[in-house]
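Participant: Following this line is work.pdb, made up of PDB, C-alpha atoms and all ligand atoms:
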```
ATOM      1  CA  MET A 794      -5.094  -3.585 -23.599
ATOM      2  CA  GLU A 795      -2.071  -4.945 -25.381
ATOM      3  CA  GLU A 796      -1.186  -8.468 -24.238
ATOM      4  CA  MET A 797       1.512  -8.419 -21.581
ATOM      5  CA  LYS A 798       3.441 -11.544 -20.675
ATOM      6  CA  LYS A 799       2.361 -12.213 -17.120
ATOM      7  CA  GLU A 800       1.861 -14.987 -14.586
ATOM      8  CA  VAL A 801      -0.220 -15.160 -11.441
ATOM      9  CA  LEU A 802       1.905 -14.506  -8.373
ATOM     10  CA  PHE A 803      -0.820 -14.145  -5.731
ATOM     11  CA  GLY A 804      -4.223 -15.505  -6.716
ATOM     12  CA  ARG A 805      -7.532 -14.043  -5.542
ATOM     13  CA  ASP A 806      -8.258 -16.813  -3.007
ATOM     14  CA  LEU A 807      -4.847 -16.485  -1.405
ATOM     15  CA  ILE A 808      -5.243 -12.690  -1.308
ATOM     16  CA  ALA A 809      -8.685 -12.963   0.316
ATOM     17  CA  LYS A 810      -7.312 -15.316   2.972
ATOM     18  CA  ARG A 811      -4.354 -13.066   3.745
ATOM     19  CA  VAL A 812      -6.515  -9.922   3.859
ATOM     20  CA  GLU A 813      -8.811 -11.696   6.315
ATOM     21  CA  GLU A 814      -5.817 -12.532   8.549
ATOM     22  CA  LEU A 815      -4.487  -8.970   8.423
ATOM     23  CA  ALA A 816      -7.920  -7.557   9.240
ATOM     24  CA  ALA A 817      -8.246  -9.896  12.224
ATOM     25  CA  GLN A 818      -4.844  -8.826  13.524
ATOM     26  CA  ILE A 819      -5.600  -5.113  13.007
ATOM     27  CA  SER A 820      -9.014  -5.482  14.679
ATOM     28  CA  ARG A 821      -7.343  -7.061  17.701
ATOM     29  CA  ASP A 822      -4.637  -4.397  17.889
ATOM     30  CA  TYR A 823      -7.099  -1.477  17.605
ATOM     31  CA  ARG A 824      -9.879  -2.962  19.755
ATOM     32  CA  GLY A 825     -11.908  -0.167  21.396
ATOM     33  CA  ARG A 826     -10.448   2.465  19.074
ATOM     34  CA  GLU A 827     -11.464   4.031  15.767
ATOM     35  CA  PRO A 828      -8.396   4.458  13.546
ATOM     36  CA  VAL A 829      -8.141   6.845  10.617
ATOM     37  CA  VAL A 830      -7.238   4.529   7.750
ATOM     38  CA  VAL A 831      -5.272   6.514   5.169
ATOM     39  CA  GLY A 832      -5.075   4.896   1.745
ATOM     40  CA  VAL A 833      -2.294   5.856  -0.636
ATOM     41  CA  MET A 834      -3.808   6.459  -4.072
ATOM     42  CA  LYS A 835      -4.188   4.970  -6.446
ATOM     43  CA  GLY A 836      -2.564   1.569  -5.987
ATOM     44  CA  ALA A 837      -3.931   0.741  -2.539
ATOM     45  CA  PHE A 838      -7.613   1.344  -3.259
ATOM     46  CA  ILE A 839      -8.705  -2.257  -3.806
ATOM     47  CA  PHE A 840      -6.579  -3.643  -0.975
ATOM     48  CA  MET A 841      -7.917  -0.963   1.368
ATOM     49  CA  ALA A 842     -11.529  -1.552   0.322
ATOM     50  CA  ASP A 843     -11.200  -5.278   1.011
ATOM     51  CA  LEU A 844      -9.278  -4.764   4.239
ATOM     52  CA  ILE A 845     -11.676  -2.330   5.915
ATOM     53  CA  ARG A 846     -14.666  -4.504   5.028
ATOM     54  CA  ARG A 847     -13.084  -7.301   7.031
ATOM     55  CA  LEU A 848     -12.387  -5.184  10.142
ATOM     56  CA  ASP A 849     -14.717  -5.632  13.074
ATOM     57  CA  ILE A 850     -13.892  -2.239  14.548
ATOM     58  CA  PRO A 851     -15.125   1.118  13.196
ATOM     59  CA  CYS A 852     -12.737   3.284  11.197
ATOM     60  CA  VAL A 853     -12.581   6.608   9.381
ATOM     61  CA  VAL A 854     -11.416   6.494   5.771
ATOM     62  CA  ASP A 855      -9.221   9.062   4.057
ATOM     63  CA  PHE A 856      -6.730   9.202   1.194
ATOM     64  CA  VAL A 857      -3.449  10.777   0.161
ATOM     65  CA  ARG A 858      -1.709  10.881  -3.151
ATOM     66  CA  LEU A 859       2.039  11.223  -3.616
ATOM     67  CA  ARG A 860       4.239  11.930  -6.559
ATOM     68  CA  SER A 861       7.931  11.286  -6.842
ATOM     69  CA  TYR A 862       9.792  13.447  -9.263
ATOM     70  CA  GLY A 863      13.221  13.619 -10.818
ATOM     71  CA  SER A 864      14.653  10.792 -12.881
ATOM     72  CA  SER A 865      12.675   7.591 -12.444
ATOM     73  CA  SER A 866      15.683   5.340 -13.024
ATOM     74  CA  VAL A 867      17.707   7.021 -10.293
ATOM     75  CA  SER A 868      15.770   7.373  -7.066
ATOM     76  CA  SER A 869      15.928  11.049  -6.289
ATOM     77  CA  GLY A 870      13.997  10.662  -3.081
ATOM     78  CA  ARG A 871      12.106  13.822  -3.927
ATOM     79  CA  ILE A 872       8.500  13.190  -3.125
ATOM     80  CA  GLU A 873       5.559  15.515  -2.729
ATOM     81  CA  LEU A 874       2.034  15.192  -1.453
ATOM     82  CA  THR A 875      -0.368  16.039  -4.279
ATOM     83  CA  LYS A 876      -3.499  15.185  -2.309
ATOM     84  CA  ASP A 877      -3.683  15.487   1.467
ATOM     85  CA  VAL A 878      -6.050  13.917   3.996
ATOM     86  CA  GLU A 879      -9.159  15.888   4.907
ATOM     87  CA  THR A 880      -9.176  14.575   8.489
ATOM     88  CA  ASP A 881      -7.424  16.268  11.382
ATOM     89  CA  VAL A 882      -5.194  13.403  12.475
ATOM     90  CA  ALA A 883      -3.842  15.089  15.638
ATOM     91  CA  GLY A 884      -4.480  12.776  18.577
ATOM     92  CA  ARG A 885      -5.941  10.054  16.314
ATOM     93  CA  ASP A 886      -4.716   6.532  15.630
ATOM     94  CA  VAL A 887      -3.529   6.620  12.029
ATOM     95  CA  LEU A 888      -3.057   3.520   9.903
ATOM     96  CA  ILE A 889      -1.495   4.141   6.497
ATOM     97  CA  VAL A 890      -2.438   1.570   3.866
ATOM     98  CA  GLU A 891       0.005   1.327   0.961
ATOM     99  CA  ASP A 892       0.212  -1.047  -1.995
ATOM    100  CA  ILE A 893       3.972  -1.754  -2.128
ATOM    101  CA  VAL A 894       7.057  -0.845  -0.106
ATOM    102  CA  ASP A 895       9.906  -0.857  -2.575
ATOM    103  CA  THR A 896      12.846   1.490  -1.932
ATOM    104  CA  GLY A 897      11.047   2.737   1.179
ATOM    105  CA  LEU A 898      11.355   6.379   0.120
ATOM    106  CA  THR A 899       7.630   7.057  -0.325
ATOM    107  CA  LEU A 900       6.584   5.715   3.058
ATOM    108  CA  THR A 901       9.522   7.303   4.853
ATOM    109  CA  TYR A 902       8.343  10.645   3.500
ATOM    110  CA  LEU A 903       4.651  10.035   4.276
ATOM    111  CA  VAL A 904       5.350   8.824   7.810
ATOM    112  CA  GLU A 905       7.407  11.963   8.434
ATOM    113  CA  VAL A 906       4.567  14.187   7.172
ATOM    114  CA  MET A 907       1.966  12.398   9.320
ATOM    115  CA  ARG A 908       4.166  12.220  12.403
ATOM    116  CA  ALA A 909       4.582  16.022  12.332
ATOM    117  CA  ARG A 910       0.814  16.269  12.879
ATOM    118  CA  LYS A 911       1.072  14.491  16.226
ATOM    119  CA  PRO A 912      -1.210  11.486  15.824
ATOM    120  CA  ALA A 913      -1.809   9.346  18.945
ATOM    121  CA  SER A 914      -0.249   6.441  17.045
ATOM    122  CA  LEU A 915       0.983   5.808  13.523
ATOM    123  CA  LYS A 916       1.322   2.453  11.788
ATOM    124  CA  VAL A 917       1.737   1.231   8.232
ATOM    125  CA  CYS A 918       0.058  -1.681   6.510
ATOM    126  CA  ALA A 919       1.559  -2.655   3.144
ATOM    127  CA  PHE A 920       0.019  -5.164   0.779
ATOM    128  CA  ILE A 921       3.415  -6.195  -0.655
ATOM    129  CA  ASP A 922       6.889  -5.740   0.792
ATOM    130  CA  LYS A 923       9.896  -5.938  -1.567
ATOM    131  CA  ARG A 924      12.421  -6.198   1.239
ATOM    132  CA  LEU A 925      15.527  -6.601  -0.885
ATOM    133  CA  ARG A 926      14.983  -3.326  -2.743
ATOM    134  CA  ARG A 927      15.241  -0.910   0.162
ATOM    135  CA  GLU A 928      17.342   2.206  -0.265
ATOM    136  CA  VAL A 929      16.369   3.541   3.138
ATOM    137  CA  PRO A 930      15.541   1.352   6.142
ATOM    138  CA  PHE A 931      11.779   1.008   6.496
ATOM    139  CA  GLU A 932       9.675  -1.592   8.304
ATOM    140  CA  ALA A 933       5.922  -1.795   7.792
ATOM    141  CA  ASP A 934       3.898  -2.886  10.836
ATOM    142  CA  TYR A 935       1.606  -5.166   8.828
ATOM    143  CA  VAL A 936       2.597  -6.874   5.580
ATOM    144  CA  GLY A 937       0.375  -8.913   3.279
ATOM    145  CA  PHE A 938       2.977 -10.597   1.110
ATOM    146  CA  THR A 939       6.712 -10.361   0.547
ATOM    147  CA  MET A 940       8.512 -10.747  -2.773
ATOM    148  CA  ASP A 941      12.110 -10.337  -3.856
ATOM    149  CA  ASP A 942      12.146  -8.616  -7.212
ATOM    150  CA  GLY A 943      10.013  -8.158 -10.287
ATOM    151  CA  PHE A 944       7.145  -5.889 -11.257
ATOM    152  CA  VAL A 945       3.564  -6.727 -10.363
ATOM    153  CA  ILE A 946       0.169  -5.581 -11.603
ATOM    154  CA  GLY A 947      -3.437  -6.323 -10.698
ATOM    155  CA  TYR A 948      -5.555  -5.922  -7.551
ATOM    156  CA  GLY A 949      -5.228  -2.132  -7.867
ATOM    157  CA  LEU A 950      -1.635  -2.112  -9.116
ATOM    158  CA  ASP A 951      -0.938  -0.801 -12.597
ATOM    159  CA  PHE A 952       1.640  -0.597 -15.304
ATOM    160  CA  ASN A 953       1.025   2.725 -17.084
ATOM    161  CA  GLU A 954      -2.584   2.605 -15.849
ATOM    162  CA  GLN A 955      -3.091  -0.877 -17.246
ATOM    163  CA  GLY A 956      -4.075  -3.895 -15.232
ATOM    164  CA  ARG A 957      -5.499  -2.289 -12.075
ATOM    165  CA  PHE A 958      -8.825  -4.059 -12.528
ATOM    166  CA  LEU A 959      -7.355  -7.571 -12.575
ATOM    167  CA  PRO A 960      -8.573  -9.606  -9.573
ATOM    168  CA  ASP A 961      -5.260 -11.457  -9.079
ATOM    169  CA  VAL A 962      -1.695 -10.141  -8.715
ATOM    170  CA  PHE A 963       0.469 -10.931 -11.733
ATOM    171  CA  ILE A 964       4.190 -10.678 -12.204
ATOM    172  CA  VAL A 965       4.981  -9.027 -15.529
ATOM    173  CA  ARG A 966       7.688 -10.513 -17.718
ATOM    174  CA  ASP A 967       9.799  -8.725 -20.345
ATOM    175  CA  LEU A 968       8.878  -5.190 -19.401
TER
HETATM  176  P1  LIG B   1       9.103   3.289  -2.979
HETATM  177  O1  LIG B   1       8.982   2.376  -1.784
HETATM  178  O2  LIG B   1      10.214   2.887  -3.893
HETATM  179  O3  LIG B   1       9.169   4.740  -2.619
HETATM  180  O4  LIG B   1       7.858   3.245  -3.898
HETATM  181  C1  LIG B   1       6.794   2.458  -3.735
HETATM  182  C2  LIG B   1       5.845   2.752  -4.871
HETATM  183  O5  LIG B   1       6.369   2.311  -6.118
HETATM  184  C3  LIG B   1       4.599   1.950  -4.653
HETATM  185  O6  LIG B   1       3.651   2.698  -3.941
HETATM  186  C4  LIG B   1       4.142   1.643  -6.041
HETATM  187  O7  LIG B   1       3.284   2.651  -6.485
HETATM  188  C5  LIG B   1       5.387   1.655  -6.877
HETATM  189  N1  LIG B   1       5.819   0.272  -7.164
HETATM  190  C6  LIG B   1       6.915  -0.343  -6.691
HETATM  191  N2  LIG B   1       7.003  -1.601  -7.163
HETATM  192  C7  LIG B   1       5.917  -1.781  -7.935
HETATM  193  C8  LIG B   1       5.423  -2.911  -8.700
HETATM  194  O8  LIG B   1       5.984  -4.002  -8.753
HETATM  195  N3  LIG B   1       4.249  -2.699  -9.356
HETATM  196  C9  LIG B   1       3.567  -1.532  -9.337
HETATM  197  N4  LIG B   1       2.434  -1.454 -10.036
HETATM  198  N5  LIG B   1       4.003  -0.464  -8.640
HETATM  199  C10 LIG B   1       5.163  -0.585  -7.944
END
```
So that I can check it, write out the structure of this file as structure tokens.
Facilitator:
Amino acid sequence: MEEMKKEVLFGRDLIAKRVEELAAQISRDYRGREPVVVGVMKGAFIFMADLIRRLDIPCVVDFVRLRSYGSSSVSSGRIELTKDVETDVAGRDVLIVEDIVDTGLTLTYLVEVMRARKPASLKVCAFIDKRLRREVPFEADYVGFTMDDGFVIGYGLDFNEQGRFLPDVFIVRDL
């Protein structure tokens, strides 16, 4: 991997502590229930794996994958589901786990798709929220960390498939 200029933004110990807090909150909120936890591939896979291991309620695990198309510099808002869940979510408590909310377009689309299937409840847990970058209003129910701007890699997040394996979250300079 070519050396990228990067600095730690959220270190592994801080991440572990925050994931523990989120899991405690989610366990309290879903007490007595068994949510379907839907991870958004690929970026959320490490966050989701850590999060569900800290829950003290049972859950069902499933995944979706989304692709946005059109020009990447201009948000087209055109998004499609390239991999769907295999669980019938009708009447179930669904918790979507996403890596980053940026413009909000991806999650707005996914929430709409899931809502049409009539789940008993639908919430979103995002590892990172870039609040200032919204193009459509979107509020996640659970947020790990917030940041203003910049591009991050590590802890499942990539830059052209590089850096997913890194145990800390790094902000990349001079992209
Ligand atoms: P949006 O909210 O704009 O529809 O898109 C969110 C998606 O953009 C995230 O799921 C993530 O895949 C990608 N993304 C946004 N910001 C970053 C970032 O800083 N690093 C990485 N690796 N992906 C990002």
Participant: With all atoms listed in the file counted, collect every polymer residue having an atom within 10 Å of ligand LIG 1 (chain B); state the result as a ChimeraX atom specification.
Facilitator: /A:833-837,858-861,868-872,890-903,919-924,926-929,931,940,942-957,962-965
Participant: So what do you get for CA of Asp934 in chain A versus CA of Thr875 in chain A, distance-wise?
Facilitator: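 We find that CA of Asp934 in chain A and CA of Thr875 in chain A lie 24.6 Å from each other.
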Participant: Between A:Leu959, A:Phe856, A:Ser914, A:Glu813, single out the one closest to Ala883 in chain A, counting all atoms listed in the file.
Facilitator: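 Counting all atoms listed in the file, the residue closest to Ala883 in chain A is A:Ser914.
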Participant: I'd like the interatomic distance between CA of Val882 in chain A and CA of Val904 in chain A, to a tenth of an Å.
Facilitator: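 Distance reported for this atom pair: 12.4 Å.
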Participant: What would the selection look like, as a list in words, if the PyMOL selection byres (((chain A and resi 847) around 10) and not hetatm) were run on the coordinates I just shared?
Facilitator: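 Output of the PyMOL selection byres (((chain A and resi 847) around 10) and not hetatm): Ala809, Val812, Glu813, Glu814, Leu815, Ala816, Ala817, Ile819, Ser820, Met841, Ala842, Asp843, Leu844, Ile845, Arg846, Leu848, Asp849 and Ile850 of chain A.
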Participant: Expand the PyMOL selection byres (((chain A and resi 804) around 9) and not hetatm) into the explicit residue set it covers here, and present it as a list of chain:residue names.
Facilitator: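 Checking the PyMOL selection byres (((chain A and resi 804) around 9) and not hetatm) against this file, the residues are A:Val801, A:Leu802, A:Phe803, A:Arg805, A:Asp806, A:Leu807, A:Ile808, A:Ala809, A:Pro960, A:Asp961, A:Val962, A:Phe963.
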Participant: Please write the residues picked by the PyMOL selection byres (((chain A and resi 910-913) around 7) and not hetatm) on this file as a PyMOL selection string.
Facilitator: chain A and resi 882-887+907-909+914-915
